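Enquirer: Just one file: my_file25.cif, with mmCIF, N, CA and C atoms.
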```cif
data_final
loop_
_atom_site.group_PDB
_atom_site.id
_atom_site.type_symbol
_atom_site.label_atom_id
_atom_site.label_comp_id
_atom_site.auth_asym_id
_atom_site.auth_seq_id
_atom_site.Cartn_x
_atom_site.Cartn_y
_atom_site.Cartn_z
ATOM 1 N N MET A 1 -82.835 21.824 22.624
ATOM 2 C CA MET A 1 -81.448 22.148 22.339
ATOM 3 C C MET A 1 -81.345 23.580 21.846
ATOM 4 N N SER A 2 -80.265 24.231 22.211
ATOM 5 C CA SER A 2 -80.046 25.594 21.748
ATOM 6 C C SER A 2 -79.491 25.578 20.335
ATOM 7 N N ARG A 3 -79.537 26.736 19.691
ATOM 8 C CA ARG A 3 -79.044 26.768 18.315
ATOM 9 C C ARG A 3 -77.522 26.777 18.286
ATOM 10 N N PRO A 4 -76.916 26.121 17.298
ATOM 11 C CA PRO A 4 -75.453 26.045 17.221
ATOM 12 C C PRO A 4 -74.822 27.415 16.988
ATOM 13 N N SER A 5 -73.667 27.611 17.603
ATOM 14 C CA SER A 5 -72.878 28.818 17.382
ATOM 15 C C SER A 5 -71.418 28.434 17.538
ATOM 16 N N GLU A 6 -70.515 29.247 17.009
ATOM 17 C CA GLU A 6 -69.101 28.916 17.138
ATOM 18 C C GLU A 6 -68.259 30.164 17.274
ATOM 19 N N THR A 7 -67.058 29.980 17.801
ATOM 20 C CA THR A 7 -66.118 31.079 17.961
ATOM 21 C C THR A 7 -64.709 30.532 17.824
ATOM 22 N N ASN A 8 -63.768 31.408 17.537
ATOM 23 C CA ASN A 8 -62.373 31.000 17.392
ATOM 24 C C ASN A 8 -61.533 31.753 18.416
ATOM 25 N N VAL A 9 -60.795 31.027 19.233
ATOM 26 C CA VAL A 9 -59.881 31.646 20.188
ATOM 27 C C VAL A 9 -58.521 31.615 19.523
ATOM 28 N N SER A 10 -58.094 32.766 18.995
ATOM 29 C CA SER A 10 -56.909 32.807 18.139
ATOM 30 C C SER A 10 -55.629 32.404 18.849
ATOM 31 N N GLU A 11 -55.495 32.693 20.152
ATOM 32 C CA GLU A 11 -54.272 32.341 20.856
ATOM 33 C C GLU A 11 -54.037 30.829 20.864
ATOM 34 N N THR A 12 -55.101 30.077 20.850
ATOM 35 C CA THR A 12 -54.973 28.635 20.993
ATOM 36 C C THR A 12 -55.219 27.888 19.690
ATOM 37 N N SER A 13 -55.702 28.559 18.684
ATOM 38 C CA SER A 13 -56.092 27.971 17.407
ATOM 39 C C SER A 13 -57.197 26.934 17.573
ATOM 40 N N LEU A 14 -58.007 27.072 18.607
ATOM 41 C CA LEU A 14 -59.138 26.178 18.814
ATOM 42 C C LEU A 14 -60.425 26.876 18.419
ATOM 43 N N THR A 15 -61.288 26.137 17.753
ATOM 44 C CA THR A 15 -62.607 26.632 17.397
ATOM 45 C C THR A 15 -63.618 25.859 18.217
ATOM 46 N N PHE A 16 -64.530 26.577 18.865
ATOM 47 C CA PHE A 16 -65.556 25.963 19.698
ATOM 48 C C PHE A 16 -66.912 26.151 19.037
ATOM 49 N N LYS A 17 -67.676 25.088 18.995
ATOM 50 C CA LYS A 17 -69.030 25.164 18.454
ATOM 51 C C LYS A 17 -69.961 24.518 19.466
ATOM 52 N N CYS A 18 -70.954 25.263 19.916
ATOM 53 C CA CYS A 18 -71.931 24.731 20.852
ATOM 54 C C CYS A 18 -72.971 23.943 20.059
ATOM 55 N N LEU A 19 -73.055 22.648 20.352
ATOM 56 C CA LEU A 19 -74.007 21.789 19.659
ATOM 57 C C LEU A 19 -75.356 21.762 20.360
ATOM 58 N N GLY A 20 -75.398 22.266 21.587
ATOM 59 C CA GLY A 20 -76.640 22.281 22.350
ATOM 60 C C GLY A 20 -76.375 21.980 23.803
ATOM 61 N N HIS A 21 -77.437 21.669 24.524
ATOM 62 C CA HIS A 21 -77.290 21.336 25.932
ATOM 63 C C HIS A 21 -78.349 20.330 26.350
ATOM 64 N N THR A 22 -78.091 19.687 27.480
ATOM 65 C CA THR A 22 -79.018 18.742 28.075
ATOM 66 C C THR A 22 -79.587 19.383 29.328
ATOM 67 N N THR A 23 -80.882 19.238 29.520
ATOM 68 C CA THR A 23 -81.546 19.820 30.676
ATOM 69 C C THR A 23 -81.744 18.764 31.754
ATOM 70 N N ARG A 24 -81.490 19.155 32.990
ATOM 71 C CA ARG A 24 -81.709 18.251 34.121
ATOM 72 C C ARG A 24 -83.198 18.208 34.459
ATOM 73 N N GLU A 25 -83.568 17.307 35.357
ATOM 74 C CA GLU A 25 -84.971 17.171 35.771
ATOM 75 C C GLU A 25 -85.524 18.439 36.404
ATOM 76 N N ASP A 26 -84.671 19.212 37.066
ATOM 77 C CA ASP A 26 -85.128 20.442 37.718
ATOM 78 C C ASP A 26 -85.204 21.632 36.758
ATOM 79 N N GLY A 27 -84.921 21.397 35.479
ATOM 80 C CA GLY A 27 -85.037 22.438 34.472
ATOM 81 C C GLY A 27 -83.762 23.210 34.201
ATOM 82 N N LEU A 28 -82.730 23.024 35.022
ATOM 83 C CA LEU A 28 -81.459 23.709 34.799
ATOM 84 C C LEU A 28 -80.624 22.950 33.771
ATOM 85 N N ILE A 29 -79.640 23.622 33.211
ATOM 86 C CA ILE A 29 -78.767 22.981 32.224
ATOM 87 C C ILE A 29 -77.819 22.035 32.953
ATOM 88 N N GLY A 30 -77.785 20.795 32.506
ATOM 89 C CA GLY A 30 -76.930 19.788 33.114
ATOM 90 C C GLY A 30 -75.574 19.693 32.444
ATOM 91 N N ARG A 31 -75.564 19.762 31.114
ATOM 92 C CA ARG A 31 -74.318 19.645 30.354
ATOM 93 C C ARG A 31 -74.451 20.417 29.048
ATOM 94 N N TYR A 32 -73.334 21.018 28.649
ATOM 95 C CA TYR A 32 -73.231 21.626 27.322
ATOM 96 C C TYR A 32 -72.469 20.657 26.437
ATOM 97 N N HIS A 33 -72.882 20.562 25.189
ATOM 98 C CA HIS A 33 -72.225 19.690 24.224
ATOM 99 C C HIS A 33 -71.500 20.582 23.220
ATOM 100 N N LEU A 34 -70.179 20.401 23.160
ATOM 101 C CA LEU A 34 -69.338 21.247 22.322
ATOM 102 C C LEU A 34 -68.539 20.420 21.334
ATOM 103 N N LYS A 35 -68.309 21.006 20.175
ATOM 104 C CA LYS A 35 -67.380 20.445 19.202
ATOM 105 C C LYS A 35 -66.177 21.384 19.210
ATOM 106 N N VAL A 36 -65.001 20.828 19.496
ATOM 107 C CA VAL A 36 -63.784 21.618 19.572
ATOM 108 C C VAL A 36 -62.842 21.142 18.481
ATOM 109 N N THR A 37 -62.348 22.079 17.670
ATOM 110 C CA THR A 37 -61.448 21.753 16.580
ATOM 111 C C THR A 37 -60.158 22.534 16.727
ATOM 112 N N ASP A 38 -59.032 21.828 16.643
ATOM 113 C CA ASP A 38 -57.723 22.472 16.607
ATOM 114 C C ASP A 38 -57.436 22.755 15.143
ATOM 115 N N THR A 39 -57.450 24.031 14.766
ATOM 116 C CA THR A 39 -57.315 24.383 13.354
ATOM 117 C C THR A 39 -55.918 24.113 12.805
ATOM 118 N N ARG A 40 -54.927 24.006 13.675
ATOM 119 C CA ARG A 40 -53.566 23.698 13.205
ATOM 120 C C ARG A 40 -53.393 22.223 12.877
ATOM 121 N N SER A 41 -53.858 21.348 13.766
ATOM 122 C CA SER A 41 -53.650 19.907 13.562
ATOM 123 C C SER A 41 -54.836 19.229 12.894
ATOM 124 N N GLY A 42 -55.996 19.865 12.942
ATOM 125 C CA GLY A 42 -57.188 19.255 12.382
ATOM 126 C C GLY A 42 -57.888 18.294 13.335
ATOM 127 N N ILE A 43 -57.379 18.150 14.551
ATOM 128 C CA ILE A 43 -58.005 17.270 15.542
ATOM 129 C C ILE A 43 -59.332 17.875 15.965
ATOM 130 N N THR A 44 -60.357 17.029 16.010
ATOM 131 C CA THR A 44 -61.681 17.457 16.441
ATOM 132 C C THR A 44 -62.140 16.550 17.575
ATOM 133 N N ALA A 45 -62.742 17.147 18.579
ATOM 134 C CA ALA A 45 -63.285 16.383 19.701
ATOM 135 C C ALA A 45 -64.674 16.911 20.020
ATOM 136 N N THR A 46 -65.560 16.009 20.369
ATOM 137 C CA THR A 46 -66.877 16.388 20.857
ATOM 138 C C THR A 46 -66.867 16.118 22.351
ATOM 139 N N ILE A 47 -67.166 17.146 23.128
ATOM 140 C CA ILE A 47 -67.126 17.001 24.572
ATOM 141 C C ILE A 47 -68.461 17.396 25.178
ATOM 142 N N SER A 48 -68.748 16.814 26.314
ATOM 143 C CA SER A 48 -69.942 17.134 27.080
ATOM 144 C C SER A 48 -69.464 17.628 28.433
ATOM 145 N N VAL A 49 -69.781 18.879 28.761
ATOM 146 C CA VAL A 49 -69.189 19.546 29.912
ATOM 147 C C VAL A 49 -70.274 20.133 30.813
ATOM 148 N N GLU A 50 -70.118 19.916 32.121
ATOM 149 C CA GLU A 50 -71.018 20.554 33.082
ATOM 150 C C GLU A 50 -70.761 22.062 33.067
ATOM 151 N N PRO A 51 -71.792 22.867 33.330
ATOM 152 C CA PRO A 51 -71.618 24.322 33.301
ATOM 153 C C PRO A 51 -70.475 24.820 34.181
ATOM 154 N N ARG A 52 -70.281 24.224 35.364
ATOM 155 C CA ARG A 52 -69.218 24.700 36.264
ATOM 156 C C ARG A 52 -67.840 24.455 35.679
ATOM 157 N N HIS A 53 -67.672 23.380 34.880
ATOM 158 C CA HIS A 53 -66.389 23.114 34.240
ATOM 159 C C HIS A 53 -66.205 23.996 33.002
ATOM 160 N N LEU A 54 -67.294 24.236 32.300
ATOM 161 C CA LEU A 54 -67.231 25.102 31.125
ATOM 162 C C LEU A 54 -66.855 26.528 31.532
ATOM 163 N N ALA A 55 -67.325 26.973 32.676
ATOM 164 C CA ALA A 55 -67.050 28.334 33.138
ATOM 165 C C ALA A 55 -65.607 28.528 33.597
ATOM 166 N N SER A 56 -64.905 27.454 33.871
ATOM 167 C CA SER A 56 -63.551 27.532 34.395
ATOM 168 C C SER A 56 -62.517 27.297 33.295
ATOM 169 N N ALA A 57 -61.674 28.307 33.045
ATOM 170 C CA ALA A 57 -60.612 28.149 32.042
ATOM 171 C C ALA A 57 -59.674 27.018 32.451
ATOM 172 N N ARG A 58 -59.396 26.894 33.729
ATOM 173 C CA ARG A 58 -58.503 25.838 34.221
ATOM 174 C C ARG A 58 -59.094 24.446 33.952
ATOM 175 N N SER A 59 -60.385 24.270 34.212
ATOM 176 C CA SER A 59 -61.033 22.981 33.942
ATOM 177 C C SER A 59 -61.018 22.657 32.452
ATOM 178 N N MET A 60 -61.286 23.674 31.642
ATOM 179 C CA MET A 60 -61.284 23.449 30.187
ATOM 180 C C MET A 60 -59.894 23.081 29.699
ATOM 181 N N LYS A 61 -58.866 23.686 30.252
ATOM 182 C CA LYS A 61 -57.491 23.342 29.872
ATOM 183 C C LYS A 61 -57.227 21.871 30.159
ATOM 184 N N ARG A 62 -57.655 21.398 31.340
ATOM 185 C CA ARG A 62 -57.447 20.001 31.722
ATOM 186 C C ARG A 62 -58.252 19.050 30.843
ATOM 187 N N ILE A 63 -59.504 19.385 30.619
ATOM 188 C CA ILE A 63 -60.379 18.547 29.787
ATOM 189 C C ILE A 63 -59.817 18.427 28.374
ATOM 190 N N LEU A 64 -59.388 19.542 27.806
ATOM 191 C CA LEU A 64 -58.878 19.527 26.435
ATOM 192 C C LEU A 64 -57.500 18.888 26.353
ATOM 193 N N LEU A 65 -56.680 19.047 27.374
ATOM 194 C CA LEU A 65 -55.371 18.403 27.372
ATOM 195 C C LEU A 65 -55.520 16.881 27.355
ATOM 196 N N ASP A 66 -56.542 16.370 28.029
ATOM 197 C CA ASP A 66 -56.833 14.931 27.995
ATOM 198 C C ASP A 66 -57.155 14.456 26.574
ATOM 199 N N ARG A 67 -57.520 15.386 25.716
ATOM 200 C CA ARG A 67 -57.849 15.077 24.319
ATOM 201 C C ARG A 67 -56.761 15.570 23.372
ATOM 202 N N TYR A 68 -55.574 15.799 23.913
ATOM 203 C CA TYR A 68 -54.391 16.229 23.155
ATOM 204 C C TYR A 68 -54.586 17.565 22.467
ATOM 205 N N MET A 69 -55.316 18.463 23.125
ATOM 206 C CA MET A 69 -55.518 19.818 22.631
ATOM 207 C C MET A 69 -54.979 20.772 23.678
ATOM 208 N N PHE A 70 -54.133 21.700 23.250
ATOM 209 C CA PHE A 70 -53.506 22.627 24.170
ATOM 210 C C PHE A 70 -54.279 23.934 24.177
ATOM 211 N N TYR A 71 -54.909 24.238 25.308
ATOM 212 C CA TYR A 71 -55.751 25.418 25.467
ATOM 213 C C TYR A 71 -55.026 26.409 26.375
ATOM 214 N N THR A 72 -54.614 27.536 25.825
ATOM 215 C CA THR A 72 -53.832 28.507 26.581
ATOM 216 C C THR A 72 -54.565 29.824 26.787
ATOM 217 N N ALA A 73 -55.858 29.802 26.764
ATOM 218 C CA ALA A 73 -56.641 31.032 26.868
ATOM 219 C C ALA A 73 -56.471 31.701 28.226
ATOM 220 N N THR A 74 -56.438 33.019 28.203
ATOM 221 C CA THR A 74 -56.466 33.797 29.431
ATOM 222 C C THR A 74 -57.897 33.800 29.953
ATOM 223 N N ARG A 75 -58.075 34.282 31.159
ATOM 224 C CA ARG A 75 -59.430 34.343 31.714
ATOM 225 C C ARG A 75 -60.324 35.220 30.834
ATOM 226 N N ALA A 76 -59.781 36.348 30.367
ATOM 227 C CA ALA A 76 -60.567 37.265 29.530
ATOM 228 C C ALA A 76 -60.944 36.621 28.197
ATOM 229 N N SER A 77 -59.995 35.941 27.546
ATOM 230 C CA SER A 77 -60.323 35.316 26.259
ATOM 231 C C SER A 77 -61.245 34.113 26.459
ATOM 232 N N HIS A 78 -61.112 33.414 27.584
ATOM 233 C CA HIS A 78 -62.024 32.305 27.884
ATOM 234 C C HIS A 78 -63.441 32.840 28.093
ATOM 235 N N ASP A 79 -63.559 33.938 28.840
ATOM 236 C CA ASP A 79 -64.870 34.545 29.057
ATOM 237 C C ASP A 79 -65.492 35.011 27.746
ATOM 238 N N LYS A 80 -64.669 35.562 26.846
ATOM 239 C CA LYS A 80 -65.173 35.999 25.544
ATOM 240 C C LYS A 80 -65.645 34.800 24.733
ATOM 241 N N MET A 81 -64.895 33.696 24.774
ATOM 242 C CA MET A 81 -65.300 32.480 24.066
ATOM 243 C C MET A 81 -66.647 32.006 24.590
ATOM 244 N N LEU A 82 -66.823 32.004 25.905
ATOM 245 C CA LEU A 82 -68.091 31.579 26.487
ATOM 246 C C LEU A 82 -69.233 32.469 26.018
ATOM 247 N N LEU A 83 -69.008 33.755 26.046
ATOM 248 C CA LEU A 83 -70.033 34.695 25.608
ATOM 249 C C LEU A 83 -70.379 34.473 24.141
ATOM 250 N N ASP A 84 -69.369 34.254 23.314
ATOM 251 C CA ASP A 84 -69.589 34.058 21.884
ATOM 252 C C ASP A 84 -70.377 32.785 21.580
ATOM 253 N N ILE A 85 -70.067 31.687 22.279
ATOM 254 C CA ILE A 85 -70.774 30.442 21.946
ATOM 255 C C ILE A 85 -72.123 30.330 22.638
ATOM 256 N N LEU A 86 -72.277 30.960 23.797
ATOM 257 C CA LEU A 86 -73.548 30.847 24.521
ATOM 258 C C LEU A 86 -74.521 31.954 24.177
ATOM 259 N N ASP A 87 -74.029 33.082 23.668
ATOM 260 C CA ASP A 87 -74.884 34.190 23.248
ATOM 261 C C ASP A 87 -74.390 34.689 21.897
ATOM 262 N N PRO A 88 -74.730 33.967 20.814
ATOM 263 C CA PRO A 88 -74.206 34.305 19.490
ATOM 264 C C PRO A 88 -74.522 35.740 19.054
ATOM 265 N N GLN A 89 -75.559 36.328 19.594
ATOM 266 C CA GLN A 89 -75.913 37.692 19.214
ATOM 267 C C GLN A 89 -74.982 38.723 19.840
ATOM 268 N N SER A 90 -74.162 38.309 20.817
ATOM 269 C CA SER A 90 -73.266 39.256 21.479
ATOM 270 C C SER A 90 -72.173 39.748 20.534
ATOM 271 N N GLY A 91 -71.863 38.972 19.505
ATOM 272 C CA GLY A 91 -70.815 39.354 18.554
ATOM 273 C C GLY A 91 -71.316 40.276 17.463
ATOM 274 N N GLU A 92 -72.627 40.453 17.385
ATOM 275 C CA GLU A 92 -73.182 41.330 16.363
ATOM 276 C C GLU A 92 -72.968 42.777 16.744
ATOM 277 N N THR A 93 -72.739 43.619 15.751
ATOM 278 C CA THR A 93 -72.580 45.043 16.024
ATOM 279 C C THR A 93 -73.927 45.663 16.307
ATOM 280 N N GLN A 94 -73.933 46.581 17.244
ATOM 281 C CA GLN A 94 -75.167 47.258 17.598
ATOM 282 C C GLN A 94 -75.101 48.703 17.135
ATOM 283 N N ASP A 95 -76.206 49.213 16.587
ATOM 284 C CA ASP A 95 -76.255 50.594 16.106
ATOM 285 C C ASP A 95 -76.782 51.516 17.171
#
```
Using structure tokens, write down the structure that the file contains.
Expert:
Amino acid sequence: MSRPSETNVSETSLTFKCLGHTTREDGLIGRYHLKVTDTRSGITATISVEPRHLASARSMKRILLDRYMFYTATRASHDKMLLDILDPQSGETQD
């Protein structure tokens, strides 16, 4: 499992935390496990998402809407969220 990381997408008030991932038999990542919290309502959901769905803002909107969470991220903010949770060092300042 990868180390946990989290990010906040301010437009949607959702916080994403990567809990890890599951590896398929061929060694590739099969599913990412995320904890998603709506900071306004306090609703929390744990979801397991295939990489192709995680990469798609449209798929994430549908998945989260099924859990009564409204995700309105733009493609750019969705990409930033992905970078933040999958590469926690990307948010660190570089000298």
Enquirer: Given the file above and the PyMOL selection byres ((chain A and resi 31-45) around 6), which residues are selected, and can you give them as a ChimeraX atom specification?
Expert: /A:13-23,29-30,46-51
Enquirer: Could you please write out, as a short mmCIF file (atom, residue, chain, number, x, y, z; two decimals) with N, CA and C atoms, in the coordinates of the input, every residue of range 26-73 of chain A that DSSP assigns to strand (DSSP E)?
Expert:
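Output file states07.cif follows:
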```cif
data_model
loop_
_atom_site.label_atom_id
_atom_site.label_comp_id
_atom_site.auth_asym_id
_atom_site.auth_seq_id
_atom_site.Cartn_x
_atom_site.Cartn_y
_atom_site.Cartn_z
N ILE A 29 -79.64 23.62 33.21
CA ILE A 29 -78.77 22.98 32.22
C ILE A 29 -77.82 22.04 32.95
N GLY A 30 -77.78 20.80 32.51
CA GLY A 30 -76.93 19.79 33.11
C GLY A 30 -75.57 19.69 32.44
N ARG A 31 -75.56 19.76 31.11
CA ARG A 31 -74.32 19.64 30.35
C ARG A 31 -74.45 20.42 29.05
N TYR A 32 -73.33 21.02 28.65
CA TYR A 32 -73.23 21.63 27.32
C TYR A 32 -72.47 20.66 26.44
N HIS A 33 -72.88 20.56 25.19
CA HIS A 33 -72.22 19.69 24.22
C HIS A 33 -71.50 20.58 23.22
N LEU A 34 -70.18 20.40 23.16
CA LEU A 34 -69.34 21.25 22.32
C LEU A 34 -68.54 20.42 21.33
N LYS A 35 -68.31 21.01 20.18
CA LYS A 35 -67.38 20.44 19.20
C LYS A 35 -66.18 21.38 19.21
N VAL A 36 -65.00 20.83 19.50
CA VAL A 36 -63.78 21.62 19.57
C VAL A 36 -62.84 21.14 18.48
N THR A 37 -62.35 22.08 17.67
CA THR A 37 -61.45 21.75 16.58
C THR A 37 -60.16 22.53 16.73
N ASP A 38 -59.03 21.83 16.64
CA ASP A 38 -57.72 22.47 16.61
C ASP A 38 -57.44 22.76 15.14
N THR A 44 -60.36 17.03 16.01
CA THR A 44 -61.68 17.46 16.44
C THR A 44 -62.14 16.55 17.58
N ALA A 45 -62.74 17.15 18.58
CA ALA A 45 -63.28 16.38 19.70
C ALA A 45 -64.67 16.91 20.02
N THR A 46 -65.56 16.01 20.37
CA THR A 46 -66.88 16.39 20.86
C THR A 46 -66.87 16.12 22.35
N ILE A 47 -67.17 17.15 23.13
CA ILE A 47 -67.13 17.00 24.57
C ILE A 47 -68.46 17.40 25.18
N SER A 48 -68.75 16.81 26.31
CA SER A 48 -69.94 17.13 27.08
C SER A 48 -69.46 17.63 28.43
N VAL A 49 -69.78 18.88 28.76
CA VAL A 49 -69.19 19.55 29.91
C VAL A 49 -70.27 20.13 30.81
#
```
Enquirer: Between CA of Leu65 in chain A and atom N of Leu86 in chain A, what is the distance in Å, rounded to a tenth?
Expert: 21.4 Å
Enquirer: Please, what distance in Å, to one decimal, runs between atom N of Thr74 in chain A and CA of Leu28 in chain A?
Expert: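 It comes out at 27.5 Å.
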Enquirer: Can you work out the spacing between atom N of Ile85 in chain A and atom N of Ser56 in chain A in Å, to one decimal?
Expert: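 It comes out at 13.4 Å.
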Enquirer: Which one of A:Gly27, A:Asp84, A:Arg75, A:Gln89 sits closest to Ala55 in chain A if you count only C-alpha atoms?
Expert: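 With only C-alpha atoms as the atom set, the closest residue is A:Arg75.
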Enquirer: Is it possible to get the axis-aligned box enclosing range 49-62 of chain A (all listed atoms, 4 Å extra per side) as lines of an AutoDock Vina configuration file, with centre and edge lengths in Å rounded to one decimal?
Expert:
```
center_x = -64.5
center_y = 23.7
center_z = 32.5
size_x = 22.6
size_y = 17.6
size_z = 15.5
```
Enquirer: Check the smallest atom-to-atom distance from each of A:Leu83, A:Pro88, A:Glu25, A:Ala73 to Arg58 in chain A using all atoms listed in the file, then report the winner.
Expert: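 Of A:Leu83, A:Pro88, A:Glu25, A:Ala73, the one nearest Arg58 in chain A is A:Ala73, counting all atoms listed in the file.
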Enquirer: Quick one: which residues end up in the PyMOL selection byres (((chain A and resi 57 and name CA) around 10) and name CA) for this structure, as an NGL selection string?
Expert: :A and (53-56 or 58-63 or 71-79 or 82)
Enquirer: Per DSSP on the backbone, what are the alpha helix (DSSP H) residues of chain A, as a tab-separated table (two decimals) with N, CA and C atoms, in the frame of the given file?
Expert:
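Output file out23.tsv follows:
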```
chain	number	residue	atom	x	y	z
A	51	PRO	N	-71.79	22.87	33.33
A	51	PRO	CA	-71.62	24.32	33.30
A	51	PRO	C	-70.47	24.82	34.18
A	52	ARG	N	-70.28	24.22	35.36
A	52	ARG	CA	-69.22	24.70	36.26
A	52	ARG	C	-67.84	24.46	35.68
A	53	HIS	N	-67.67	23.38	34.88
A	53	HIS	CA	-66.39	23.11	34.24
A	53	HIS	C	-66.20	24.00	33.00
A	54	LEU	N	-67.29	24.24	32.30
A	54	LEU	CA	-67.23	25.10	31.12
A	54	LEU	C	-66.86	26.53	31.53
A	57	ALA	N	-61.67	28.31	33.04
A	57	ALA	CA	-60.61	28.15	32.04
A	57	ALA	C	-59.67	27.02	32.45
A	58	ARG	N	-59.40	26.89	33.73
A	58	ARG	CA	-58.50	25.84	34.22
A	58	ARG	C	-59.09	24.45	33.95
A	59	SER	N	-60.38	24.27	34.21
A	59	SER	CA	-61.03	22.98	33.94
A	59	SER	C	-61.02	22.66	32.45
A	60	MET	N	-61.29	23.67	31.64
A	60	MET	CA	-61.28	23.45	30.19
A	60	MET	C	-59.89	23.08	29.70
A	61	LYS	N	-58.87	23.69	30.25
A	61	LYS	CA	-57.49	23.34	29.87
A	61	LYS	C	-57.23	21.87	30.16
A	62	ARG	N	-57.66	21.40	31.34
A	62	ARG	CA	-57.45	20.00	31.72
A	62	ARG	C	-58.25	19.05	30.84
A	63	ILE	N	-59.50	19.39	30.62
A	63	ILE	CA	-60.38	18.55	29.79
A	63	ILE	C	-59.82	18.43	28.37
A	64	LEU	N	-59.39	19.54	27.81
A	64	LEU	CA	-58.88	19.53	26.44
A	64	LEU	C	-57.50	18.89	26.35
A	65	LEU	N	-56.68	19.05	27.37
A	65	LEU	CA	-55.37	18.40	27.37
A	65	LEU	C	-55.52	16.88	27.36
A	75	ARG	N	-58.08	34.28	31.16
A	75	ARG	CA	-59.43	34.34	31.71
A	75	ARG	C	-60.32	35.22	30.83
A	76	ALA	N	-59.78	36.35	30.37
A	76	ALA	CA	-60.57	37.26	29.53
A	76	ALA	C	-60.94	36.62	28.20
A	77	SER	N	-60.00	35.94	27.55
A	77	SER	CA	-60.32	35.32	26.26
A	77	SER	C	-61.24	34.11	26.46
A	78	HIS	N	-61.11	33.41	27.58
A	78	HIS	CA	-62.02	32.30	27.88
A	78	HIS	C	-63.44	32.84	28.09
A	79	ASP	N	-63.56	33.94	28.84
A	79	ASP	CA	-64.87	34.54	29.06
A	79	ASP	C	-65.49	35.01	27.75
A	80	LYS	N	-64.67	35.56	26.85
A	80	LYS	CA	-65.17	36.00	25.54
A	80	LYS	C	-65.64	34.80	24.73
A	81	MET	N	-64.90	33.70	24.77
A	81	MET	CA	-65.30	32.48	24.07
A	81	MET	C	-66.65	32.01	24.59
A	82	LEU	N	-66.82	32.00	25.90
A	82	LEU	CA	-68.09	31.58	26.49
A	82	LEU	C	-69.23	32.47	26.02
A	83	LEU	N	-69.01	33.76	26.05
A	83	LEU	CA	-70.03	34.70	25.61
A	83	LEU	C	-70.38	34.47	24.14
A	84	ASP	N	-69.37	34.25	23.31
A	84	ASP	CA	-69.59	34.06	21.88
A	84	ASP	C	-70.38	32.78	21.58
A	85	ILE	N	-70.07	31.69	22.28
A	85	ILE	CA	-70.77	30.44	21.95
A	85	ILE	C	-72.12	30.33	22.64
A	86	LEU	N	-72.28	30.96	23.80
A	86	LEU	CA	-73.55	30.85	24.52
A	86	LEU	C	-74.52	31.95	24.18
```
